[in-house]
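Colleague: Sharing data-v1.cif (mmCIF, C-alpha atoms) below.
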```cif
data_work
loop_
_atom_site.label_atom_id
_atom_site.label_comp_id
_atom_site.auth_asym_id
_atom_site.auth_seq_id
_atom_site.Cartn_x
_atom_site.Cartn_y
_atom_site.Cartn_z
CA MET A 1 8.24 52.41 9.23
CA ARG A 2 7.29 48.80 9.66
CA PRO A 3 6.49 47.02 6.40
CA SER A 4 2.80 46.20 6.36
CA LEU A 5 1.38 43.03 4.90
CA ILE A 6 -1.39 44.93 3.15
CA SER A 7 0.96 47.00 1.02
CA LEU A 8 3.07 43.95 0.17
CA LYS A 9 -0.01 42.13 -1.05
CA ALA A 10 -0.64 44.88 -3.55
CA VAL A 11 2.76 44.36 -5.17
CA ARG A 12 2.26 42.14 -8.15
CA ILE A 13 5.27 40.95 -10.04
CA PRO A 14 4.23 40.24 -13.61
CA THR A 15 5.14 36.76 -14.65
CA PRO A 16 6.80 36.63 -18.06
CA LYS A 17 4.64 35.11 -20.75
CA PRO A 18 5.95 31.88 -22.22
CA ALA A 19 7.30 32.20 -25.74
CA VAL A 20 5.01 31.01 -28.50
CA VAL A 21 6.00 27.57 -29.72
CA ASN A 22 5.61 27.18 -33.46
CA TYR A 23 3.23 24.50 -34.63
CA GLU A 24 5.05 21.42 -35.88
CA ILE A 25 3.62 20.23 -39.17
CA PRO A 26 3.13 16.46 -39.18
CA ALA A 27 4.54 14.44 -42.05
CA LEU A 28 2.15 14.02 -44.94
CA SER A 29 2.60 10.26 -44.77
CA SER A 30 1.38 10.16 -41.16
CA ILE A 31 -2.05 11.53 -42.10
CA ASN A 32 -4.90 9.15 -42.77
CA TYR A 33 -7.55 10.13 -45.31
CA THR A 34 -10.18 9.82 -42.58
CA ASP A 35 -8.53 12.76 -40.79
CA LEU A 36 -9.28 15.05 -43.73
CA PRO A 37 -12.51 16.89 -44.61
CA ASN A 38 -15.20 15.10 -46.64
CA ASN A 39 -14.71 11.90 -44.66
CA GLY A 40 -18.47 11.56 -44.21
CA PHE A 41 -18.50 13.38 -40.90
CA GLY A 42 -21.61 15.43 -40.24
CA ILE A 43 -23.91 13.27 -42.37
CA LYS A 44 -26.19 11.53 -39.87
CA ASN A 45 -23.37 11.47 -37.36
CA TYR A 46 -21.69 13.75 -34.88
CA SER A 47 -19.02 13.87 -32.20
CA ILE A 48 -19.05 14.93 -28.56
CA GLU A 49 -15.68 15.70 -27.03
CA LYS A 50 -14.92 15.36 -23.36
CA THR A 51 -13.53 18.42 -21.60
CA LYS A 52 -9.90 18.98 -20.65
CA PHE A 53 -10.61 17.32 -17.30
CA LYS A 54 -12.25 14.28 -18.96
CA HIS A 55 -15.82 15.19 -18.04
CA TRP A 56 -18.82 15.11 -20.32
CA PRO A 57 -19.78 18.65 -21.38
CA VAL A 58 -23.21 18.43 -19.76
CA TYR A 59 -24.16 21.33 -17.52
CA LEU A 60 -27.12 22.55 -15.54
CA LYS A 61 -28.27 26.01 -16.54
CA VAL A 62 -30.22 27.84 -13.82
CA GLN A 63 -32.25 30.89 -14.87
CA ASN A 64 -34.27 31.76 -11.79
CA THR A 65 -36.75 28.88 -11.52
CA LYS A 66 -36.08 27.59 -15.02
CA LEU A 67 -33.75 24.61 -15.07
CA THR A 68 -32.20 23.52 -18.34
CA THR A 69 -29.62 20.88 -19.09
CA GLU A 70 -27.12 22.06 -21.64
CA VAL A 71 -24.96 19.73 -23.72
CA LYS A 72 -22.05 21.50 -25.36
CA ARG A 73 -19.20 20.63 -27.74
CA ILE A 74 -21.35 18.73 -30.19
CA LYS A 75 -20.03 18.84 -33.74
CA GLY A 76 -21.77 17.47 -36.79
CA ASP A 77 -25.42 16.61 -37.26
CA LEU A 78 -27.29 17.82 -34.18
CA ALA A 79 -30.67 16.76 -35.52
CA GLN A 80 -29.40 13.17 -35.49
CA PHE A 81 -28.18 13.66 -31.93
CA LYS A 82 -31.65 14.79 -30.94
CA THR A 83 -33.22 11.76 -32.64
CA ASP A 84 -30.80 9.41 -30.90
CA LEU A 85 -31.50 10.93 -27.48
CA LEU A 86 -35.24 10.70 -28.08
CA SER A 87 -34.92 7.05 -29.07
CA ILE A 88 -33.46 6.38 -25.62
CA ASN A 89 -35.88 8.57 -23.70
CA PRO A 90 -38.88 9.86 -25.69
CA ASP A 91 -39.96 12.15 -22.84
CA LEU A 92 -37.06 14.60 -23.23
CA LYS A 93 -37.84 18.10 -24.52
CA ILE A 94 -34.81 18.96 -26.63
CA THR A 95 -33.86 22.00 -28.65
CA VAL A 96 -30.61 22.14 -30.62
CA ASN A 97 -28.42 24.90 -31.98
CA GLN A 98 -26.63 23.63 -35.06
CA THR A 99 -24.35 26.66 -35.49
CA TYR A 100 -22.87 26.64 -32.01
CA GLY A 101 -23.17 22.93 -31.28
CA TYR A 102 -25.41 23.14 -28.23
CA ALA A 103 -28.39 21.06 -27.19
CA ASN A 104 -30.75 22.24 -24.45
CA ILE A 105 -32.97 19.82 -22.60
CA LYS A 106 -35.81 20.91 -20.38
CA GLY A 107 -35.32 20.20 -16.70
CA ASN A 108 -32.42 18.88 -14.68
CA VAL A 109 -31.40 15.65 -16.41
CA VAL A 110 -27.64 16.11 -16.11
CA ASP A 111 -26.93 12.79 -14.42
CA GLU A 112 -29.27 10.95 -16.75
CA ILE A 113 -27.59 12.32 -19.88
CA LYS A 114 -24.13 11.60 -18.50
CA GLN A 115 -25.28 8.05 -17.81
CA TYR A 116 -26.42 7.67 -21.43
CA PHE A 117 -23.09 8.98 -22.68
CA ASP A 118 -21.12 6.67 -20.39
CA ASN A 119 -23.05 3.68 -21.65
CA GLY A 120 -23.40 4.62 -25.29
CA ILE A 121 -20.23 6.46 -26.32
CA LYS A 122 -16.91 4.75 -26.45
CA THR A 123 -13.97 6.97 -25.62
CA ASP A 124 -10.28 6.23 -25.37
CA ILE A 125 -10.14 7.44 -21.79
CA MET B 1 -61.51 -20.34 -31.92
CA PHE B 2 -57.76 -20.15 -31.93
CA LYS B 3 -56.06 -17.05 -30.81
CA GLN B 4 -53.10 -16.71 -33.05
CA SER B 5 -50.03 -15.70 -31.17
CA ILE B 6 -46.58 -14.81 -32.24
CA ARG B 7 -43.81 -16.50 -30.46
CA LYS B 8 -42.27 -13.86 -28.31
CA LEU B 9 -39.33 -15.68 -26.80
CA ALA B 10 -36.13 -13.98 -27.75
CA THR B 11 -34.12 -15.70 -30.40
CA GLU B 12 -31.57 -12.93 -30.79
CA ALA B 13 -29.87 -10.93 -28.08
CA THR B 14 -30.64 -7.26 -28.33
CA SER B 15 -28.27 -4.97 -26.53
CA SER B 16 -29.78 -2.53 -24.10
CA ILE B 17 -26.94 -0.08 -24.69
CA PRO B 18 -28.29 2.99 -26.46
CA SER B 19 -26.61 3.83 -29.70
CA PHE B 20 -25.15 7.19 -30.58
CA ASN B 21 -23.99 7.80 -34.13
CA ILE B 22 -20.52 8.92 -33.18
CA ALA B 23 -17.94 9.65 -35.86
CA SER B 24 -14.58 11.37 -35.69
CA ALA B 25 -14.40 14.93 -36.94
CA PRO B 26 -11.72 15.82 -39.49
CA LYS B 27 -8.44 16.89 -37.91
CA TYR B 28 -6.40 18.26 -40.79
CA THR B 29 -6.78 20.18 -43.99
CA LEU B 30 -4.36 19.91 -46.85
CA ALA B 31 -2.95 23.28 -47.78
CA SER B 32 -0.80 23.85 -50.83
CA LEU B 33 2.54 25.55 -50.39
CA ARG B 34 3.44 28.04 -53.05
CA THR B 35 6.45 29.89 -54.30
CA PHE B 36 6.66 33.64 -54.54
CA PRO B 37 6.00 35.69 -56.66
CA SER B 38 4.70 33.14 -59.20
CA LEU B 39 2.36 31.52 -56.62
CA GLU B 40 2.97 28.11 -58.17
CA PRO B 41 1.93 25.33 -55.79
CA HIS B 42 4.65 22.72 -55.28
CA THR B 43 3.60 20.58 -52.32
CA PHE B 44 0.91 19.89 -49.73
CA VAL B 45 1.10 20.17 -45.97
CA PRO B 46 -1.45 19.01 -43.40
CA LEU B 47 -2.61 21.87 -41.20
CA PRO B 48 -5.12 21.90 -38.33
CA HIS B 49 -8.71 21.70 -39.44
CA GLN B 50 -10.09 24.45 -37.21
CA PHE B 51 -7.79 27.10 -38.71
CA PHE B 52 -8.73 26.44 -42.33
CA ASN B 53 -12.08 24.72 -42.41
CA GLY B 54 -13.71 26.01 -39.26
CA SER B 55 -17.17 27.46 -39.07
CA THR B 56 -17.65 31.18 -39.71
CA ARG B 57 -18.57 32.39 -36.26
CA ARG B 58 -19.76 35.89 -37.05
CA ASP B 59 -20.47 36.57 -33.37
CA LEU B 60 -16.87 35.86 -32.41
CA LEU B 61 -15.53 37.91 -35.33
CA TRP B 62 -17.71 40.80 -34.21
CA SER B 63 -16.45 40.56 -30.63
CA ALA B 64 -12.84 40.43 -31.74
CA VAL B 65 -13.16 43.38 -34.12
CA VAL B 66 -14.87 45.50 -31.46
CA TYR B 67 -12.17 44.53 -28.97
CA GLU B 68 -9.42 45.57 -31.38
CA ALA B 69 -11.14 48.82 -32.32
CA ASP B 70 -11.56 49.71 -28.65
CA LYS B 71 -7.92 48.89 -28.00
CA ALA B 72 -6.86 51.13 -30.88
CA ARG B 73 -8.62 54.21 -29.51
CA VAL B 74 -6.25 56.90 -28.32
CA GLY B 75 -8.61 58.42 -25.76
CA SER B 76 -7.53 62.00 -26.34
CA GLY B 77 -11.00 63.52 -25.89
CA TYR B 78 -10.81 66.50 -23.55
CA VAL B 79 -13.71 68.69 -22.50
CA PRO B 80 -12.87 71.91 -20.62
CA THR B 81 -14.56 72.17 -17.23
CA LYS B 82 -14.67 74.69 -14.45
CA GLY B 83 -11.45 73.27 -13.05
CA ASP B 84 -9.51 74.29 -16.13
CA LYS B 85 -10.06 77.99 -15.23
CA PRO B 86 -10.11 79.59 -18.68
CA PHE B 87 -11.36 82.85 -17.15
CA SER B 88 -10.32 85.03 -14.28
CA ASN B 89 -11.10 84.27 -10.65
CA ARG B 90 -12.60 87.74 -10.29
CA LYS B 91 -16.12 87.95 -8.87
CA LEU B 92 -18.28 89.30 -11.69
CA TYR B 93 -20.17 91.77 -9.55
CA LYS B 94 -20.66 92.44 -5.91
CA GLN B 95 -22.60 90.11 -3.64
CA LYS B 96 -25.36 92.50 -2.64
CA GLY B 97 -27.24 95.51 -3.94
CA THR B 98 -27.48 94.81 -7.69
CA GLY B 99 -30.92 93.15 -7.59
CA ARG B 100 -29.52 90.23 -9.60
CA ALA B 101 -28.75 86.70 -8.58
CA ARG B 102 -25.51 86.04 -6.75
CA THR B 103 -22.54 85.21 -8.98
CA GLY B 104 -19.04 83.92 -8.57
CA ASP B 105 -16.44 84.05 -11.34
CA ALA B 106 -16.90 83.56 -15.11
CA ASN B 107 -15.76 79.91 -14.93
CA SER B 108 -19.18 78.61 -13.99
CA PRO B 109 -20.55 75.91 -16.36
CA HIS B 110 -24.04 77.41 -16.31
CA LYS B 111 -22.81 80.48 -18.15
CA ASP B 112 -22.58 80.53 -21.94
CA ASN B 113 -18.84 80.01 -21.94
CA GLY B 114 -18.33 76.53 -23.43
CA LEU B 115 -17.56 74.89 -20.11
CA LYS B 116 -19.23 71.64 -19.07
CA ALA B 117 -20.11 70.57 -15.55
CA HIS B 118 -18.75 67.05 -16.14
CA GLY B 119 -16.45 66.49 -19.07
CA ILE B 120 -14.23 63.65 -20.20
CA LYS B 121 -10.54 64.17 -19.55
CA ALA B 122 -7.60 62.87 -21.58
CA PRO B 123 -5.95 60.44 -21.45
CA HIS B 124 -8.81 58.00 -21.35
CA ASP B 125 -8.52 54.23 -21.66
CA TRP B 126 -11.31 52.88 -23.86
CA SER B 127 -9.89 49.37 -24.12
CA THR B 128 -12.21 46.50 -23.29
CA GLU B 129 -11.50 42.93 -22.33
CA LEU B 130 -12.02 39.75 -24.28
CA PRO B 131 -11.09 36.22 -23.16
CA PHE B 132 -8.08 34.97 -25.08
CA LYS B 133 -9.92 31.78 -26.06
CA ILE B 134 -12.67 33.83 -27.69
CA TYR B 135 -10.10 35.95 -29.54
CA SER B 136 -8.27 32.82 -30.64
CA LYS B 137 -11.44 31.29 -32.01
CA ALA B 138 -12.15 34.52 -33.86
CA PHE B 139 -8.67 34.37 -35.37
CA GLN B 140 -9.36 30.81 -36.50
CA ALA B 141 -12.70 31.84 -37.95
CA ALA B 142 -11.13 34.74 -39.85
CA LEU B 143 -8.41 32.54 -41.37
CA SER B 144 -10.96 29.83 -42.21
CA GLU B 145 -13.24 32.31 -43.91
CA GLN B 146 -10.46 33.59 -46.16
CA TYR B 147 -9.06 30.14 -46.87
CA LYS B 148 -12.44 28.69 -47.82
CA ASN B 149 -12.93 31.58 -50.25
CA GLY B 150 -9.56 30.82 -51.82
CA LYS B 151 -8.01 34.10 -50.74
CA LEU B 152 -5.22 32.76 -48.56
CA PHE B 153 -1.91 31.78 -50.17
CA ILE B 154 0.78 30.08 -48.11
CA ILE B 155 4.34 30.72 -49.19
CA GLY B 156 7.05 28.35 -48.07
CA GLY B 157 8.47 24.86 -48.11
CA ASP B 158 11.86 23.23 -47.80
CA LYS B 159 12.29 22.21 -51.42
CA ASP B 160 14.80 23.93 -53.66
CA ILE B 161 13.01 25.65 -56.45
CA SER B 162 14.65 25.36 -59.82
CA ASN B 163 13.32 28.67 -61.10
CA GLU B 164 15.79 31.43 -60.32
CA PHE B 165 13.10 34.11 -59.89
CA ASP B 166 10.96 32.12 -57.50
CA THR B 167 11.66 31.72 -53.80
CA ASN B 168 10.16 30.11 -50.74
CA VAL B 169 10.35 33.43 -48.94
CA LEU B 170 7.71 36.13 -49.11
CA ASP B 171 10.01 38.78 -50.53
CA PHE B 172 10.84 40.27 -53.90
CA GLU B 173 14.21 39.96 -55.54
CA TYR B 174 14.45 43.70 -56.05
CA ASN B 175 12.94 46.66 -54.26
CA HIS B 176 11.82 48.52 -57.37
CA GLU B 177 8.18 49.54 -57.64
CA SER B 178 7.77 47.86 -61.02
CA VAL B 179 8.15 44.46 -59.33
CA THR B 180 4.92 45.02 -57.40
CA ASN B 181 3.19 46.39 -60.49
CA GLN B 182 4.17 43.23 -62.40
CA PHE B 183 2.93 41.04 -59.57
CA VAL B 184 -0.42 42.88 -59.47
CA GLU B 185 -0.79 42.73 -63.22
CA LYS B 186 0.10 39.06 -63.54
CA HIS B 187 -2.35 37.90 -60.86
CA ASN B 188 -5.17 40.34 -61.71
CA LEU B 189 -5.05 42.11 -58.35
CA GLU B 190 -6.01 45.60 -59.42
CA LYS B 191 -8.16 47.44 -56.87
CA LEU B 192 -7.82 44.59 -54.37
CA ASN B 193 -6.52 44.92 -50.83
CA LEU B 194 -3.41 42.81 -50.45
CA LEU B 195 -2.03 41.64 -47.13
CA PHE B 196 1.49 40.24 -46.84
CA ILE B 197 2.19 38.54 -43.50
CA THR B 198 5.88 37.93 -43.03
CA ASP B 199 7.95 36.12 -40.45
CA ASN B 200 10.61 38.83 -40.29
CA GLN B 201 11.08 42.24 -41.81
CA ARG B 202 11.26 42.07 -45.62
CA ASP B 203 12.74 45.31 -46.87
CA ASN B 204 12.31 44.73 -50.60
CA LEU B 205 8.66 43.88 -50.14
CA ILE B 206 8.00 46.95 -48.02
CA THR B 207 9.76 49.31 -50.42
CA SER B 208 8.32 47.80 -53.56
CA THR B 209 4.68 47.68 -52.43
CA GLU B 210 4.70 51.43 -51.90
CA ALA B 211 3.83 51.52 -55.61
CA ILE B 212 0.22 50.64 -54.86
CA GLY B 213 0.00 52.64 -51.65
CA SER B 214 -2.72 51.65 -49.22
CA LYS B 215 -3.84 48.73 -51.38
CA ALA B 216 -0.99 46.65 -49.98
CA SER B 217 0.02 46.24 -46.36
CA VAL B 218 3.05 44.35 -45.17
CA ILE B 219 2.73 43.23 -41.56
CA ILE B 220 5.07 41.16 -39.42
CA LYS B 221 3.29 38.21 -37.80
CA ASP B 222 2.99 39.54 -34.23
CA ALA B 223 1.27 42.76 -35.34
CA VAL B 224 -1.50 41.05 -37.29
CA GLU B 225 -5.05 41.53 -36.05
CA VAL B 226 -8.34 39.87 -36.95
CA ARG B 227 -9.40 43.13 -38.62
CA ASP B 228 -6.43 43.00 -40.98
CA ILE B 229 -7.29 39.48 -42.06
CA LEU B 230 -10.95 40.29 -42.67
CA ARG B 231 -10.20 43.50 -44.55
CA ALA B 232 -7.87 41.89 -47.08
CA ASN B 233 -9.00 40.53 -50.43
CA ARG B 234 -5.84 38.44 -50.84
CA ILE B 235 -3.55 37.23 -48.07
CA TYR B 236 -0.01 36.02 -48.70
CA ILE B 237 1.47 34.44 -45.61
CA GLU B 238 4.80 32.79 -44.94
CA LEU B 239 4.65 29.28 -43.56
CA PRO B 240 6.72 30.05 -40.40
CA ALA B 241 4.37 32.95 -39.63
CA LEU B 242 1.40 30.65 -40.06
CA GLN B 243 2.97 28.05 -37.76
CA TRP B 244 3.45 30.81 -35.21
CA PHE B 245 -0.24 31.74 -35.46
CA ILE B 246 -1.30 28.13 -35.03
CA GLY B 247 1.00 27.78 -32.04
CA LYS B 248 -0.37 30.92 -30.46
CA TYR B 249 -4.08 30.68 -31.24
CA ALA B 250 -4.66 26.93 -30.94
CA VAL B 251 -7.61 26.41 -28.60
CA VAL B 252 -9.01 23.04 -27.75
#
```
Give the structure from the file, written as structure tokens.
Modeller:
Amino acid sequence: MRPSLISLKAVRIPTPKPAVVNYEIPALSSINYTDLPNNGFGIKNYSIEKTKFKHWPVYLKVQNTKLTTEVKRIKGDLAQFKTDLLSINPDLKITVNQTYGYANIKGNVVDEIKQYFDNGIKTDI
Amino acid sequence: MFKQSIRKLATEATSSIPSFNIASAPKYTLASLRTFPSLEPHTFVPLPHQFFNGSTRRDLLWSAVVYEADKARVGSGYVPTKGDKPFSNRKLYKQKGTGRARTGDANSPHKDNGLKAHGIKAPHDWSTELPFKIYSKAFQAALSEQYKNGKLFIIGGDKDISNEFDTNVLDFEYNHESVTNQFVEKHNLEKLNLLFITDNQRDNLITSTEAIGSKASVIIKDAVEVRDILRANRIYIELPALQWFIGKYAVV
């Protein structure tokens, strides 16, 4: 019997999982006190991390005809984040979720928000 | 009449760049390393913030626990159906002439014989799927919850301990049951669920903790689940096992 391509496609060779690499504990002397809890983070301030691919975590959420702009990965004081955004553009309709670190803005303002972040947030990259 | 006016020409440059109050989140938590069985702290180590001071995400914990419970189901439920043929193939009575409805054999599910038309058959796989990142975050949340409540004790360190009865390894010197009883009595652990997470198999610990039966469980690192961590009232974990967890469940 001739070997068929279809049956060969079904053959999946499981790739071995890489072994877990133990976490290397950094030296105590290499840690700055600002890296530890109670450094004032979360009191009238917050952080927004870029994604793995160095993009701002700003996404368009489409629910039928309802368009919402979602900002994710916000840690810290989200009420302050809302105040800061409103000081730039008072017309935005913003709701925040403190527990999960999300902010939802009414309408499609993805590019606008990314522009604000590019101008207003300094990152290493 | 004069119209008083304020001089509006700019004297100071105001930047048009909007300001965000950005600050850097904490990266590390200091955890104390202890000896065993005295639980005396002897040094600090910096450990990742999200594993020990993360937020208690009850939604993720719920998902992880459901996932583990589904995975643990055996799926041995078996309902007999017509195909199992518990009765004879014989036609119950003849096709015509009785004045009754037509019948086949006694294996029909509409008869009062315990058979179902559609029944579940063993073995059945009840396991569900959960993204590894979600499970990892649940693991972090579980460890954080216990650590913030002061219920997580990390055993380890490189230092030589002067006390001859204390070690850096999560194991007892002897395998006698009285060793566990002493440990429980000294640290006021009566009626509490104890969880010992070890890097390798610790025979003395396993044998000795049989004294308190189901109140103590000794688990090697790769068999630990989120449920085990949440169920325990006190967790004693070896530092290498903890490093393994952090290496495995670190999610950006």
Colleague: To one decimal in Å, tell me the separation between CA of Asn22 (chain A) and CA of Thr51 (chain A).
Modeller: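 CA of Thr51 (chain A) lies at a distance of 24.2 Å from CA of Asn22 (chain A).
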Colleague: Counting all atoms listed in the file, select every polymer residue within 8 Å of (-13.0, 30.2, -37.4) as defined in the file's coordinates, and provide the selection as a tab-separated table (two decimals) with C-alpha atoms, in the frame of the given file.
Modeller:
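Dumped everything to result_19.tsv:
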```
chain	number	residue	atom	x	y	z
B	50	GLN	CA	-10.09	24.45	-37.21
B	51	PHE	CA	-7.79	27.10	-38.71
B	52	PHE	CA	-8.73	26.44	-42.33
B	53	ASN	CA	-12.08	24.72	-42.41
B	54	GLY	CA	-13.71	26.01	-39.26
B	55	SER	CA	-17.17	27.46	-39.07
B	56	THR	CA	-17.65	31.18	-39.71
B	57	ARG	CA	-18.57	32.39	-36.26
B	137	LYS	CA	-11.44	31.29	-32.01
B	138	ALA	CA	-12.15	34.52	-33.86
B	139	PHE	CA	-8.67	34.37	-35.37
B	140	GLN	CA	-9.36	30.81	-36.50
B	141	ALA	CA	-12.70	31.84	-37.95
B	142	ALA	CA	-11.13	34.74	-39.85
B	143	LEU	CA	-8.41	32.54	-41.37
B	144	SER	CA	-10.96	29.83	-42.21
B	145	GLU	CA	-13.24	32.31	-43.91
```
Colleague: Using all atoms listed in the file, which residue out of B:Pro80, B:Gly157, B:Gly213, B:Gly99 lies closest to chain A?
Modeller: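 Closest candidate: B:Gly157.
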Colleague: Tell me as a ChimeraX atom specification which residues belonging to chain A come within 7 Å of chain B, counting all atoms listed in the file.
Modeller: /A:20-23,25-26,28,34-37,41,45-47,84,88,119-121
Colleague: Given the file shown, determine the residues that the PyMOL selection byres ((chain A and resi 75-81) around 7) selects; report them as number ranges by chain.
Modeller: A: 41-48, 73-74, 82-85, 96, 98, 101
Colleague: Once you add 5 Å to each side, what are the centre and edge lengths of the axis-aligned box holding all listed atoms of region 145-161 of chain B? One decimal in Å, as lines of an AutoDock Vina configuration file, if you can.
Modeller:
```
center_x = 0.8
center_y = 28.2
center_z = -50.2
size_x = 38.0
size_y = 21.9
size_z = 22.5
```
Colleague: Pick from B:Leu115, B:Ile155, B:Ile220, B:Ile134: nearest to Leu60 (chain B), with all atoms listed in the file counted?
Modeller: B:Ile134
Colleague: Of the candidates A:Ser30, A:Thr99, A:Thr123, A:Thr68, which shows the shortest atom-to-atom distance to Lys50 (chain A), using only C-alpha atoms?
Modeller: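 Looking at the shortest contact to Lys50 (chain A), the residue is A:Thr123.
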Colleague: List as number ranges by chain the residues having at least one atom at most 10 Å from position (-24.7, 18.9, -22.3) as given in the file, counting all atoms listed in the file.
Modeller: A: 48, 56-61, 68-74, 101-105, 109-110, 113-114
Colleague: Check the smallest atom-to-atom distance from each of B:Leu170, B:Leu152, B:Leu33, B:Ala211 to Leu230 (chain B) using all atoms listed in the file, then report the winner.
Modeller: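 Closest to Leu230 (chain B) of all the choices is B:Leu152.
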Colleague: From the options B:Asn168, B:Thr207, B:Ala72, B:Asn233, which residue's atoms come nearest to Asn188 (chain B), counting all atoms listed in the file?
Modeller: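 The answer is B:Asn233, which sits nearest to Asn188 (chain B).
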Colleague: Take CA of Asn175 (chain B) and CA of Ala31 (chain B) and report the distance between them in Å, one decimal.
Modeller: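 Atom-to-atom, CA of Asn175 (chain B) and CA of Ala31 (chain B) are spaced 29.0 Å apart.
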Colleague: Could you jot down the CA of Ile219 (chain B) to CA of Ile197 (chain B) separation for me, Å, one decimal place?
Modeller: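 Going from CA of Ile219 (chain B) over to CA of Ile197 (chain B), I get 5.1 Å.
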Colleague: Expanded to explicit residues, what is the PyMOL selection byres ((chain B and resi 66) around 12) for this file, as a PyMOL selection string?
Modeller: chain B and resi 59-65+67-73+126-130+135+138+225-227
Colleague: Using all atoms listed in the file, determine which residues lie at most 10 Å from Gln201 (chain B), disregarding the query and same-chain residues fewer than 2 positions distant; provide the list as number ranges by chain.
Modeller: B: 171, 197-199, 203-206, 218-221
Colleague: Which neighbours of Thr35 (chain B) fall inside 12 Å, counting only C-alpha atoms, when residues of the same chain fewer than 5 positions from it are skipped, and could you give them as a PyMOL selection string?
Modeller: chain B and resi 40-43+153-172+236-239
Colleague: Those same residues - C-alpha atoms - I'd like them written as a PDB file, in the frame of the given file.
Modeller:
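Output saved as out17.pdb:
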```pdb
ATOM      1  CA  GLU B  40       2.970  28.110 -58.170  1.00  0.00           C
ATOM      2  CA  PRO B  41       1.930  25.330 -55.790  1.00  0.00           C
ATOM      3  CA  HIS B  42       4.650  22.720 -55.280  1.00  0.00           C
ATOM      4  CA  THR B  43       3.600  20.580 -52.320  1.00  0.00           C
ATOM      5  CA  PHE B 153      -1.910  31.780 -50.170  1.00  0.00           C
ATOM      6  CA  ILE B 154       0.780  30.080 -48.110  1.00  0.00           C
ATOM      7  CA  ILE B 155       4.340  30.720 -49.190  1.00  0.00           C
ATOM      8  CA  GLY B 156       7.050  28.350 -48.070  1.00  0.00           C
ATOM      9  CA  GLY B 157       8.470  24.860 -48.110  1.00  0.00           C
ATOM     10  CA  ASP B 158      11.860  23.230 -47.800  1.00  0.00           C
ATOM     11  CA  LYS B 159      12.290  22.210 -51.420  1.00  0.00           C
ATOM     12  CA  ASP B 160      14.800  23.930 -53.660  1.00  0.00           C
ATOM     13  CA  ILE B 161      13.010  25.650 -56.450  1.00  0.00           C
ATOM     14  CA  SER B 162      14.650  25.360 -59.820  1.00  0.00           C
ATOM     15  CA  ASN B 163      13.320  28.670 -61.100  1.00  0.00           C
ATOM     16  CA  GLU B 164      15.790  31.430 -60.320  1.00  0.00           C
ATOM     17  CA  PHE B 165      13.100  34.110 -59.890  1.00  0.00           C
ATOM     18  CA  ASP B 166      10.960  32.120 -57.500  1.00  0.00           C
ATOM     19  CA  THR B 167      11.660  31.720 -53.800  1.00  0.00           C
ATOM     20  CA  ASN B 168      10.160  30.110 -50.740  1.00  0.00           C
ATOM     21  CA  VAL B 169      10.350  33.430 -48.940  1.00  0.00           C
ATOM     22  CA  LEU B 170       7.710  36.130 -49.110  1.00  0.00           C
ATOM     23  CA  ASP B 171      10.010  38.780 -50.530  1.00  0.00           C
ATOM     24  CA  PHE B 172      10.840  40.270 -53.900  1.00  0.00           C
ATOM     25  CA  TYR B 236      -0.010  36.020 -48.700  1.00  0.00           C
ATOM     26  CA  ILE B 237       1.470  34.440 -45.610  1.00  0.00           C
ATOM     27  CA  GLU B 238       4.800  32.790 -44.940  1.00  0.00           C
ATOM     28  CA  LEU B 239       4.650  29.280 -43.560  1.00  0.00           C
TER      29      LEU B 239
END
```
Colleague: For Ser217 (chain B), please output as a PyMOL selection string all residues within 7 Å (counting only C-alpha atoms; exclusion window: fewer than 3 positions along the same chain).
Modeller: chain B and resi 194-196+214
Colleague: Produce a file of the selected residues containing C-alpha atoms, as a PDB file, in the frame of the given file.
Modeller:
```pdb
ATOM      1  CA  LEU B 194      -3.410  42.810 -50.450  1.00  0.00           C
ATOM      2  CA  LEU B 195      -2.030  41.640 -47.130  1.00  0.00           C
ATOM      3  CA  PHE B 196       1.490  40.240 -46.840  1.00  0.00           C
ATOM      4  CA  SER B 214      -2.720  51.650 -49.220  1.00  0.00           C
TER       5      SER B 214
END
```
